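Chemist: mmCIF, C-alpha atoms, file my_file-v3.cif:
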```
data_final
#
loop_
_atom_site.group_PDB
_atom_site.id
_atom_site.type_symbol
_atom_site.label_atom_id
_atom_site.label_comp_id
_atom_site.auth_asym_id
_atom_site.auth_seq_id
_atom_site.Cartn_x
_atom_site.Cartn_y
_atom_site.Cartn_z
ATOM 1 C CA MET D 26 83.641 99.745 90.589
ATOM 2 C CA THR D 27 81.665 101.597 93.231
ATOM 3 C CA SER D 28 79.570 104.641 92.314
ATOM 4 C CA ASP D 29 80.159 108.032 93.922
ATOM 5 C CA SER D 30 76.898 107.902 95.889
ATOM 6 C CA GLU D 31 77.890 104.468 97.255
ATOM 7 C CA LEU D 32 81.328 105.816 98.219
ATOM 8 C CA ILE D 33 79.752 108.735 100.080
ATOM 9 C CA SER D 34 77.427 106.311 101.877
ATOM 10 C CA LEU D 35 80.437 104.154 102.805
ATOM 11 C CA LEU D 36 82.213 107.253 104.165
ATOM 12 C CA LYS D 37 79.283 107.744 106.534
ATOM 13 C CA GLY D 38 79.432 104.115 107.680
ATOM 14 C CA ASN D 39 81.693 102.197 110.037
ATOM 15 C CA LYS D 40 85.476 102.510 110.030
ATOM 16 C CA ALA D 41 86.050 99.531 107.730
ATOM 17 C CA SER D 42 83.695 100.877 105.067
ATOM 18 C CA ARG D 43 85.085 104.389 105.513
ATOM 19 C CA ASN D 44 88.629 103.102 104.992
ATOM 20 C CA ARG D 45 87.662 101.212 101.838
ATOM 21 C CA ALA D 46 85.925 104.302 100.471
ATOM 22 C CA MET D 47 88.849 106.615 101.322
ATOM 23 C CA GLU D 48 91.301 104.226 99.675
ATOM 24 C CA ALA D 49 89.160 104.006 96.516
ATOM 25 C CA ILE D 50 88.773 107.799 96.363
ATOM 26 C CA TYR D 51 92.503 108.239 97.018
ATOM 27 C CA ARG D 52 93.520 105.874 94.208
ATOM 28 C CA ALA D 53 91.049 107.316 91.708
ATOM 29 C CA ASN D 54 91.937 110.975 92.254
ATOM 30 C CA ARG D 55 95.513 111.317 93.524
ATOM 31 C CA ASP D 56 97.281 111.319 90.164
ATOM 32 C CA ILE D 57 94.875 113.821 88.594
ATOM 33 C CA ILE D 58 95.152 116.335 91.408
ATOM 34 C CA CYS D 59 98.912 115.914 91.812
ATOM 35 C CA ALA D 60 99.364 116.408 88.058
ATOM 36 C CA TYR D 61 97.299 119.605 88.273
ATOM 37 C CA VAL D 62 99.532 121.001 91.048
ATOM 38 C CA VAL D 63 102.797 120.005 89.336
ATOM 39 C CA SER D 64 101.646 121.497 86.026
ATOM 40 C CA ASN D 65 100.866 124.755 87.848
ATOM 41 C CA SER D 66 104.290 125.516 89.366
ATOM 42 C CA GLY D 67 104.110 122.986 92.197
ATOM 43 C CA THR D 68 106.485 120.290 93.358
ATOM 44 C CA GLU D 69 105.641 116.628 93.989
ATOM 45 C CA ALA D 70 105.838 117.267 97.744
ATOM 46 C CA GLU D 71 103.461 120.224 97.484
ATOM 47 C CA ALA D 72 101.123 118.162 95.312
ATOM 48 C CA THR D 73 101.038 115.305 97.817
ATOM 49 C CA ASP D 74 100.503 117.708 100.702
ATOM 50 C CA LEU D 75 97.697 119.502 98.887
ATOM 51 C CA PHE D 76 95.992 116.232 97.972
ATOM 52 C CA GLN D 77 96.079 115.079 101.604
ATOM 53 C CA ASP D 78 94.474 118.372 102.655
ATOM 54 C CA CYS D 79 91.815 117.991 99.955
ATOM 55 C CA MET D 80 90.977 114.478 101.163
ATOM 56 C CA ILE D 81 90.626 115.756 104.740
ATOM 57 C CA GLN D 82 88.432 118.686 103.652
ATOM 58 C CA PHE D 83 86.267 116.387 101.544
ATOM 59 C CA TYR D 84 85.884 113.880 104.390
ATOM 60 C CA ASP D 85 84.993 116.671 106.840
ATOM 61 C CA ALA D 86 82.403 117.955 104.363
ATOM 62 C CA VAL D 87 80.891 114.459 104.062
ATOM 63 C CA LYS D 88 80.684 114.189 107.865
ATOM 64 C CA LYS D 89 78.818 117.527 107.918
ATOM 65 C CA GLY D 90 76.558 116.434 105.052
ATOM 66 C CA VAL D 91 77.775 119.225 102.745
ATOM 67 C CA PRO D 92 78.819 117.488 99.494
ATOM 68 C CA SER D 93 76.147 116.943 96.914
ATOM 69 C CA GLU D 94 75.645 113.349 95.846
ATOM 70 C CA ASP D 95 74.677 114.738 92.429
ATOM 71 C CA SER D 96 78.206 116.041 91.857
ATOM 72 C CA ALA D 97 81.070 113.627 91.127
ATOM 73 C CA ILE D 98 83.595 113.121 93.906
ATOM 74 C CA SER D 99 86.413 113.779 91.448
ATOM 75 C CA ALA D 100 84.832 117.123 90.520
ATOM 76 C CA GLN D 101 84.443 118.076 94.168
ATOM 77 C CA LEU D 102 88.052 117.154 94.988
ATOM 78 C CA TYR D 103 89.322 118.966 91.889
ATOM 79 C CA SER D 104 87.376 122.069 92.904
ATOM 80 C CA ILE D 105 88.844 121.943 96.422
ATOM 81 C CA ALA D 106 92.321 121.425 94.952
ATOM 82 C CA LYS D 107 92.030 124.381 92.555
ATOM 83 C CA SER D 108 90.833 126.656 95.320
ATOM 84 C CA GLU D 109 93.501 125.530 97.806
ATOM 85 C CA TRP D 110 96.307 125.658 95.243
ATOM 86 C CA SER D 111 95.264 129.154 94.201
ATOM 87 C CA LYS D 112 95.389 130.272 97.853
ATOM 88 C CA ARG D 113 98.829 128.708 98.322
ATOM 89 C CA LEU D 114 100.204 130.290 95.147
ATOM 90 C CA ASN D 115 98.914 133.700 96.214
ATOM 91 C CA LYS D 116 100.395 133.225 99.664
ATOM 92 C CA LYS D 117 103.697 132.130 98.122
ATOM 93 C CA GLN D 118 103.824 135.203 95.854
ATOM 94 C CA ILE D 119 103.104 137.513 98.769
ATOM 95 C CA SER D 120 105.619 135.875 101.119
ATOM 96 C CA GLU D 121 108.543 135.646 98.657
ATOM 97 C CA PRO D 122 109.317 139.394 98.633
ATOM 98 C CA GLU D 123 109.064 139.468 102.434
ATOM 99 C CA GLU D 124 111.686 136.736 102.754
ATOM 100 C CA SER D 125 114.326 139.037 101.287
ATOM 101 C CA GLN D 126 113.642 141.589 104.029
ATOM 102 C CA SER D 127 115.285 141.288 107.418
ATOM 103 C CA THR D 128 113.501 138.950 109.795
ATOM 104 C CA GLU D 129 113.787 138.746 113.542
ATOM 105 C CA ILE D 130 115.856 135.708 114.503
ATOM 106 C CA ARG D 131 115.587 134.095 117.923
ATOM 107 C CA ARG D 132 118.577 133.436 120.189
ATOM 108 C CA ASP D 133 118.802 129.832 119.017
ATOM 109 C CA GLY D 134 119.286 131.057 115.438
ATOM 110 C CA LEU D 135 115.888 129.884 114.205
ATOM 111 C CA ILE D 136 113.334 132.054 112.468
ATOM 112 C CA PRO D 137 110.003 131.762 114.319
ATOM 113 C CA LEU D 138 107.248 129.969 112.396
ATOM 114 C CA THR D 139 103.656 131.088 112.248
ATOM 115 C CA ASP D 140 100.992 128.572 113.266
ATOM 116 C CA GLU D 141 100.058 128.057 109.625
ATOM 117 C CA GLU D 142 103.680 127.421 108.594
ATOM 118 C CA ARG D 143 104.055 124.953 111.457
ATOM 119 C CA GLN D 144 100.874 123.138 110.401
ATOM 120 C CA ASP D 145 102.113 123.038 106.797
ATOM 121 C CA GLN D 146 105.373 121.441 107.937
ATOM 122 C CA ILE D 147 103.529 118.903 110.099
ATOM 123 C CA ARG D 148 101.277 118.014 107.116
ATOM 124 C CA GLU D 149 104.371 117.668 104.944
ATOM 125 C CA ILE D 150 105.987 115.332 107.477
ATOM 126 C CA ILE D 151 102.840 113.220 107.761
ATOM 127 C CA GLY D 152 102.639 113.165 103.952
ATOM 128 C CA LEU D 153 106.069 111.508 103.880
ATOM 129 C CA MET D 154 105.003 108.670 106.163
ATOM 130 C CA GLY D 155 103.085 106.383 103.833
ATOM 131 C CA PHE D 156 99.438 105.329 103.840
ATOM 132 C CA ASP D 157 99.567 102.771 106.710
ATOM 133 C CA CYS D 158 101.384 105.079 109.115
ATOM 134 C CA LYS D 159 99.136 108.028 108.305
ATOM 135 C CA TYR D 160 96.060 105.851 108.797
ATOM 136 C CA ILE D 161 97.278 104.372 112.100
ATOM 137 C CA LEU D 162 98.379 107.695 113.602
ATOM 138 C CA ILE D 163 95.279 109.591 112.475
ATOM 139 C CA GLU D 164 92.978 106.902 113.847
ATOM 140 C CA CYS D 165 94.900 106.576 117.141
ATOM 141 C CA ILE D 166 95.660 110.227 117.790
ATOM 142 C CA TYR D 167 93.048 112.281 115.922
ATOM 143 C CA HIS D 168 90.038 109.947 116.167
ATOM 144 C CA LYS D 169 91.205 108.309 119.456
ATOM 145 C CA THR D 170 90.129 104.916 118.123
ATOM 146 C CA PRO D 171 91.212 101.991 120.348
ATOM 147 C CA LEU D 172 93.904 99.756 118.838
ATOM 148 C CA LYS D 173 91.671 96.705 119.222
ATOM 149 C CA GLU D 174 89.004 98.331 117.045
ATOM 150 C CA ILE D 175 91.521 99.475 114.419
ATOM 151 C CA ALA D 176 93.031 95.969 114.273
ATOM 152 C CA SER D 177 89.647 94.289 113.878
ATOM 153 C CA GLU D 178 88.422 96.679 111.167
ATOM 154 C CA GLY D 179 91.737 97.201 109.371
ATOM 155 C CA ASN D 180 94.196 94.964 107.570
ATOM 156 C CA PHE D 181 96.081 93.934 110.722
ATOM 157 C CA ALA D 182 96.326 90.348 111.960
ATOM 158 C CA ASN D 183 96.046 91.291 115.627
ATOM 159 C CA GLU D 184 96.313 94.103 118.122
ATOM 160 C CA GLN D 185 99.955 93.374 119.027
ATOM 161 C CA LEU D 186 101.097 93.651 115.404
ATOM 162 C CA LEU D 187 99.220 96.948 115.152
ATOM 163 C CA ARG D 188 100.845 98.166 118.386
ATOM 164 C CA ASN D 189 104.280 97.303 116.951
ATOM 165 C CA ARG D 190 103.432 99.090 113.687
ATOM 166 C CA LYS D 191 102.227 102.163 115.620
ATOM 167 C CA PHE D 192 105.532 102.219 117.503
ATOM 168 C CA GLU D 193 107.458 102.034 114.188
ATOM 169 C CA CYS D 194 105.317 104.859 112.774
ATOM 170 C CA LEU D 195 105.922 107.059 115.819
ATOM 171 C CA LYS D 196 109.649 106.339 115.548
ATOM 172 C CA LYS D 197 109.557 107.335 111.862
ATOM 173 C CA LEU D 198 107.617 110.496 112.769
ATOM 174 C CA ARG D 199 110.283 111.417 115.359
ATOM 175 C CA GLU D 200 113.061 110.844 112.804
ATOM 176 C CA LEU D 201 111.311 113.077 110.272
ATOM 177 C CA MET D 202 110.828 115.765 112.906
ATOM 178 C CA VAL D 203 114.475 115.568 113.965
ATOM 179 C CA ALA D 204 115.390 116.161 110.328
ATOM 180 C CA ARG D 205 113.491 119.468 110.671
ATOM 181 C CA PRO D 206 114.960 120.947 113.872
ATOM 182 C CA GLY D 207 113.094 124.245 113.519
ATOM 183 C CA LEU D 208 109.772 122.454 113.690
ATOM 184 C CA LEU D 209 110.915 120.286 116.587
ATOM 185 C CA LYS D 210 111.987 123.322 118.667
ATOM 186 C CA ILE D 211 108.696 125.123 118.009
ATOM 187 C CA THR D 212 106.701 121.990 118.878
ATOM 188 C CA GLU D 213 108.611 121.441 122.134
ATOM 189 C CA SER D 214 108.186 125.062 123.199
ATOM 190 C CA ASP D 215 104.404 124.819 122.747
ATOM 191 C CA GLU D 216 104.018 121.898 125.175
#
```
Reformat the file's structure so that it appears as structure tokens.
Modeler:
Amino acid sequence: MTSDSELISLLKGNKASRNRAMEAIYRANRDIICAYVVSNSGTEAEATDLFQDCMIQFYDAVKKGVPSEDSAISAQLYSIAKSEWSKRLNKKQISEPEESQSTEIRRDGLIPLTDEERQDQIREIIGLMGFDCKYILIECIYHKTPLKEIASEGNFANEQLLRNRKFECLKKLRELMVARPGLLKITESDE
């Protein structure tokens, strides 16, 4: 088993080492954080979404050199999770009474989403996609990593297989977005 300081060093390394470290951190901490959310009035979907956000925040902190190597990764992720879950619960409690009040509805019959609500829905959709699809789409779209590089550093036999998998992931993403027409309309109107 790899120590926390080694995992943080791997996160600062090349894509292959970063992926191994992220996978190890994910496996070691997912159940604990998801159990925390579920035991505190959350659903499995909310727990998964929150954990994904925590992983992203932790990774961003590592890139900026913020996390202390003296503190355990699990403690840092748990702290992020508690803080984020507390914010979401407070937001949920504040927004629930407002939902009973009248809300302006657009001509197409949809209630407009705020940017934060739209981002939450997009995170939820990506959370439903599975580890491979999330990895491929984040690397291709967010990090703009070339497919050839992802294929050589990842668990893909060749670039063509990765290209086919990316196509399947994008198709799955479209299907999930079609299942949420409100999000799809908002996304199209922003382009």
Chemist: When you count all atoms listed in the file, which of these residues is closest to D:Asp74: D:Ser111, D:Gln146, D:Ser96, D:Ser177?
Modeler: D:Gln146
Chemist: Using only C-alpha atoms, pick whichever of D:Phe181, D:Tyr84, D:Tyr51, D:Trp110 has the shortest atom-to-atom distance to D:Val63.
Modeler: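 Once distances to D:Val63 are computed over only C-alpha atoms, the minimum belongs to D:Trp110.
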Chemist: Choose the residue, out of D:Ile98, D:Val203, D:Ile33, D:Leu114, that has the smallest atom-to-atom separation from D:Thr68; count only C-alpha atoms.
Modeler: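 When distances to D:Thr68 are compared using only C-alpha atoms, the smallest one comes from D:Leu114.
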Chemist: Using all atoms listed in the file, which protein or nucleic acid residues come within 8 Å of stretch 196-200 of chain D? Drop anything in the same chain fewer than 5 positions from it, and give the result as a list in words.
Modeler: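 What passes the distance filter is Ile150, Ile151 and Met154 of chain D.
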Chemist: List as a PyMOL selection string the protein and nucleic acid residues near D:Gln77, meaning an atom at most 9 Å away when only C-alpha atoms are counted, but skip any in the same chain fewer than 2 places from it.
Modeler: chain D and resi 51+55+72-75+79-82+148+152
Chemist: Could you write those residues out with C-alpha atoms, as a short mmCIF file (atom, residue, chain, number, x, y, z; two decimals), in the coordinates of the input?
Modeler:
```cif
data_model
loop_
_atom_site.label_atom_id
_atom_site.label_comp_id
_atom_site.auth_asym_id
_atom_site.auth_seq_id
_atom_site.Cartn_x
_atom_site.Cartn_y
_atom_site.Cartn_z
CA TYR D 51 92.50 108.24 97.02
CA ARG D 55 95.51 111.32 93.52
CA ALA D 72 101.12 118.16 95.31
CA THR D 73 101.04 115.30 97.82
CA ASP D 74 100.50 117.71 100.70
CA LEU D 75 97.70 119.50 98.89
CA CYS D 79 91.82 117.99 99.96
CA MET D 80 90.98 114.48 101.16
CA ILE D 81 90.63 115.76 104.74
CA GLN D 82 88.43 118.69 103.65
CA ARG D 148 101.28 118.01 107.12
CA GLY D 152 102.64 113.16 103.95
#
```
Chemist: What gap, in Å, lies between atom CA of D:Lys107 and atom CA of D:Asp157?
Modeler: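 Going from atom CA of D:Lys107 over to atom CA of D:Asp157 covers 26.9 Å.
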Chemist: Would you kindly return, as a PyMOL selection string, each protein, DNA or RNA residue with an atom no farther than 10 Å from any atom of D:Ala41, considering only C-alpha atoms and excluding same-chain residues fewer than 5 positions away?
Modeler: chain D and resi 35-36+46-47+174-175+177-180
Chemist: May I ask which of the residues D:Val87, D:Ile163, D:Met202, D:Ala176 is the closest one to D:Ile147, counting only C-alpha atoms?
Modeler: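 The answer is D:Met202, which sits nearest to D:Ile147.
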Chemist: Could you check which of D:Glu71, D:Ile50, D:Glu149, D:Ser64 is closest to D:Ala100, using all atoms listed in the file?
Modeler: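 Distance minimum relative to D:Ala100 lands on D:Ile50.
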Chemist: How many Å separate atom CA of D:Arg190 from atom CA of D:Cys158?
Modeler: 7.8 Å
Chemist: Which is closer to D:Lys173 than all the others in D:Leu187, D:Gln118, D:Tyr160, D:Leu201, using all atoms listed in the file?
Modeler: D:Leu187
Chemist: Around all listed atoms of stretch 100-116 of chain D, padded 4 Å per side, what centre and edge lengths does the axis-aligned box have in Å to one decimal, as AutoDock Vina command-line options?
Modeler:
```
--center_x 92.4 --center_y 125.4 --center_z 95.1 --size_x 24.0 --size_y 24.6 --size_z 17.1
```
Chemist: What is the distance, in Å and to one decimal place, between atom CA of D:Asp85 and atom CA of D:Leu186?
Modeler: 29.4 Å
Chemist: Using the partial input, fill out stretch 190-201 of chain D with all heavy atoms; write the result as a PDB file, in the frame of the given file.
Modeler:
```
ATOM      1  N   ARG D 190     103.420  98.204 114.863  1.00  0.00           N
ATOM      2  CA  ARG D 190     103.432  99.090 113.687  1.00  0.00           C
ATOM      3  C   ARG D 190     103.277 100.553 114.119  1.00  0.00           C
ATOM      4  O   ARG D 190     103.930 101.441 113.583  1.00  0.00           O
ATOM      5  CB  ARG D 190     102.321  98.681 112.727  1.00  0.00           C
ATOM      6  CG  ARG D 190     102.298  99.472 111.449  1.00  0.00           C
ATOM      7  CD  ARG D 190     103.469  99.109 110.550  1.00  0.00           C
ATOM      8  NE  ARG D 190     103.319  99.845 109.312  1.00  0.00           N
ATOM      9  CZ  ARG D 190     104.281 100.573 108.763  1.00  0.00           C
ATOM     10  NH1 ARG D 190     105.464 100.604 109.294  1.00  0.00           N
ATOM     11  NH2 ARG D 190     104.056 101.232 107.664  1.00  0.00           N
ATOM     12  N   LYS D 191     102.408 100.801 115.105  1.00  0.00           N
ATOM     13  CA  LYS D 191     102.227 102.163 115.620  1.00  0.00           C
ATOM     14  C   LYS D 191     103.544 102.676 116.197  1.00  0.00           C
ATOM     15  O   LYS D 191     103.927 103.824 115.967  1.00  0.00           O
ATOM     16  CB  LYS D 191     101.127 102.192 116.679  1.00  0.00           C
ATOM     17  CG  LYS D 191     100.924 103.566 117.289  1.00  0.00           C
ATOM     18  CD  LYS D 191      99.910 103.536 118.406  1.00  0.00           C
ATOM     19  CE  LYS D 191      99.860 104.878 119.121  1.00  0.00           C
ATOM     20  NZ  LYS D 191      99.053 104.811 120.336  1.00  0.00           N
ATOM     21  N   PHE D 192     104.237 101.832 116.940  1.00  0.00           N
ATOM     22  CA  PHE D 192     105.532 102.219 117.503  1.00  0.00           C
ATOM     23  C   PHE D 192     106.516 102.577 116.389  1.00  0.00           C
ATOM     24  O   PHE D 192     107.222 103.589 116.467  1.00  0.00           O
ATOM     25  CB  PHE D 192     106.097 101.078 118.369  1.00  0.00           C
ATOM     26  CG  PHE D 192     107.468 101.362 118.913  1.00  0.00           C
ATOM     27  CD1 PHE D 192     107.644 102.208 119.990  1.00  0.00           C
ATOM     28  CD2 PHE D 192     108.584 100.797 118.319  1.00  0.00           C
ATOM     29  CE1 PHE D 192     108.910 102.488 120.479  1.00  0.00           C
ATOM     30  CE2 PHE D 192     109.862 101.066 118.798  1.00  0.00           C
ATOM     31  CZ  PHE D 192     110.023 101.913 119.881  1.00  0.00           C
ATOM     32  N   GLU D 193     106.564 101.748 115.326  1.00  0.00           N
ATOM     33  CA  GLU D 193     107.458 102.034 114.188  1.00  0.00           C
ATOM     34  C   GLU D 193     107.082 103.361 113.522  1.00  0.00           C
ATOM     35  O   GLU D 193     107.957 104.139 113.130  1.00  0.00           O
ATOM     36  CB  GLU D 193     107.378 100.910 113.154  1.00  0.00           C
ATOM     37  CG  GLU D 193     107.962  99.600 113.617  1.00  0.00           C
ATOM     38  CD  GLU D 193     107.613  98.439 112.684  1.00  0.00           C
ATOM     39  OE1 GLU D 193     107.044  98.683 111.600  1.00  0.00           O
ATOM     40  OE2 GLU D 193     107.902  97.296 113.050  1.00  0.00           O
ATOM     41  N   CYS D 194     105.779 103.612 113.404  1.00  0.00           N
ATOM     42  CA  CYS D 194     105.317 104.859 112.774  1.00  0.00           C
ATOM     43  C   CYS D 194     105.696 106.070 113.622  1.00  0.00           C
ATOM     44  O   CYS D 194     106.123 107.098 113.094  1.00  0.00           O
ATOM     45  CB  CYS D 194     103.807 104.822 112.558  1.00  0.00           C
ATOM     46  SG  CYS D 194     103.281 103.601 111.329  1.00  0.00           S
ATOM     47  N   LEU D 195     105.535 105.957 114.935  1.00  0.00           N
ATOM     48  CA  LEU D 195     105.922 107.059 115.819  1.00  0.00           C
ATOM     49  C   LEU D 195     107.423 107.301 115.757  1.00  0.00           C
ATOM     50  O   LEU D 195     107.883 108.447 115.766  1.00  0.00           O
ATOM     51  CB  LEU D 195     105.478 106.775 117.256  1.00  0.00           C
ATOM     52  CG  LEU D 195     103.981 106.890 117.516  1.00  0.00           C
ATOM     53  CD1 LEU D 195     103.625 106.361 118.885  1.00  0.00           C
ATOM     54  CD2 LEU D 195     103.517 108.333 117.360  1.00  0.00           C
ATOM     55  N   LYS D 196     108.192 106.213 115.671  1.00  0.00           N
ATOM     56  CA  LYS D 196     109.649 106.339 115.548  1.00  0.00           C
ATOM     57  C   LYS D 196     109.995 107.062 114.244  1.00  0.00           C
ATOM     58  O   LYS D 196     110.840 107.961 114.216  1.00  0.00           O
ATOM     59  CB  LYS D 196     110.280 104.950 115.582  1.00  0.00           C
ATOM     60  CG  LYS D 196     111.783 104.946 115.538  1.00  0.00           C
ATOM     61  CD  LYS D 196     112.316 103.522 115.627  1.00  0.00           C
ATOM     62  CE  LYS D 196     113.813 103.504 115.455  1.00  0.00           C
ATOM     63  NZ  LYS D 196     114.349 102.152 115.426  1.00  0.00           N
ATOM     64  N   LYS D 197     109.327 106.684 113.156  1.00  0.00           N
ATOM     65  CA  LYS D 197     109.557 107.335 111.862  1.00  0.00           C
ATOM     66  C   LYS D 197     109.172 108.812 111.932  1.00  0.00           C
ATOM     67  O   LYS D 197     109.886 109.672 111.405  1.00  0.00           O
ATOM     68  CB  LYS D 197     108.743 106.614 110.781  1.00  0.00           C
ATOM     69  CG  LYS D 197     108.968 107.142 109.383  1.00  0.00           C
ATOM     70  CD  LYS D 197     108.194 106.300 108.373  1.00  0.00           C
ATOM     71  CE  LYS D 197     108.401 106.810 106.963  1.00  0.00           C
ATOM     72  NZ  LYS D 197     107.663 106.010 105.986  1.00  0.00           N
ATOM     73  N   LEU D 198     108.047 109.109 112.604  1.00  0.00           N
ATOM     74  CA  LEU D 198     107.617 110.496 112.769  1.00  0.00           C
ATOM     75  C   LEU D 198     108.673 111.300 113.523  1.00  0.00           C
ATOM     76  O   LEU D 198     109.019 112.409 113.123  1.00  0.00           O
ATOM     77  CB  LEU D 198     106.273 110.548 113.500  1.00  0.00           C
ATOM     78  CG  LEU D 198     105.700 111.929 113.785  1.00  0.00           C
ATOM     79  CD1 LEU D 198     105.411 112.669 112.488  1.00  0.00           C
ATOM     80  CD2 LEU D 198     104.441 111.815 114.627  1.00  0.00           C
ATOM     81  N   ARG D 199     109.228 110.730 114.595  1.00  0.00           N
ATOM     82  CA  ARG D 199     110.283 111.417 115.359  1.00  0.00           C
ATOM     83  C   ARG D 199     111.505 111.685 114.481  1.00  0.00           C
ATOM     84  O   ARG D 199     112.088 112.762 114.526  1.00  0.00           O
ATOM     85  CB  ARG D 199     110.687 110.587 116.570  1.00  0.00           C
ATOM     86  CG  ARG D 199     109.725 110.656 117.699  1.00  0.00           C
ATOM     87  CD  ARG D 199     110.225 109.910 118.930  1.00  0.00           C
ATOM     88  NE  ARG D 199     109.116 109.586 119.782  1.00  0.00           N
ATOM     89  CZ  ARG D 199     108.552 108.396 119.889  1.00  0.00           C
ATOM     90  NH1 ARG D 199     109.022 107.374 119.214  1.00  0.00           N
ATOM     91  NH2 ARG D 199     107.532 108.206 120.677  1.00  0.00           N
ATOM     92  N   GLU D 200     111.900 110.675 113.679  1.00  0.00           N
ATOM     93  CA  GLU D 200     113.061 110.844 112.804  1.00  0.00           C
ATOM     94  C   GLU D 200     112.831 111.964 111.791  1.00  0.00           C
ATOM     95  O   GLU D 200     113.726 112.763 111.533  1.00  0.00           O
ATOM     96  CB  GLU D 200     113.365 109.535 112.070  1.00  0.00           C
ATOM     97  CG  GLU D 200     113.912 108.453 112.963  1.00  0.00           C
ATOM     98  CD  GLU D 200     113.954 107.081 112.287  1.00  0.00           C
ATOM     99  OE1 GLU D 200     113.540 106.955 111.116  1.00  0.00           O
ATOM    100  OE2 GLU D 200     114.406 106.127 112.956  1.00  0.00           O
ATOM    101  N   LEU D 201     111.624 112.016 111.228  1.00  0.00           N
ATOM    102  CA  LEU D 201     111.311 113.077 110.272  1.00  0.00           C
ATOM    103  C   LEU D 201     111.308 114.447 110.949  1.00  0.00           C
ATOM    104  O   LEU D 201     111.745 115.436 110.368  1.00  0.00           O
ATOM    105  CB  LEU D 201     109.965 112.809 109.600  1.00  0.00           C
ATOM    106  CG  LEU D 201     109.943 111.634 108.624  1.00  0.00           C
ATOM    107  CD1 LEU D 201     108.513 111.292 108.235  1.00  0.00           C
ATOM    108  CD2 LEU D 201     110.761 111.950 107.388  1.00  0.00           C
TER     109      LEU D 201
END
```
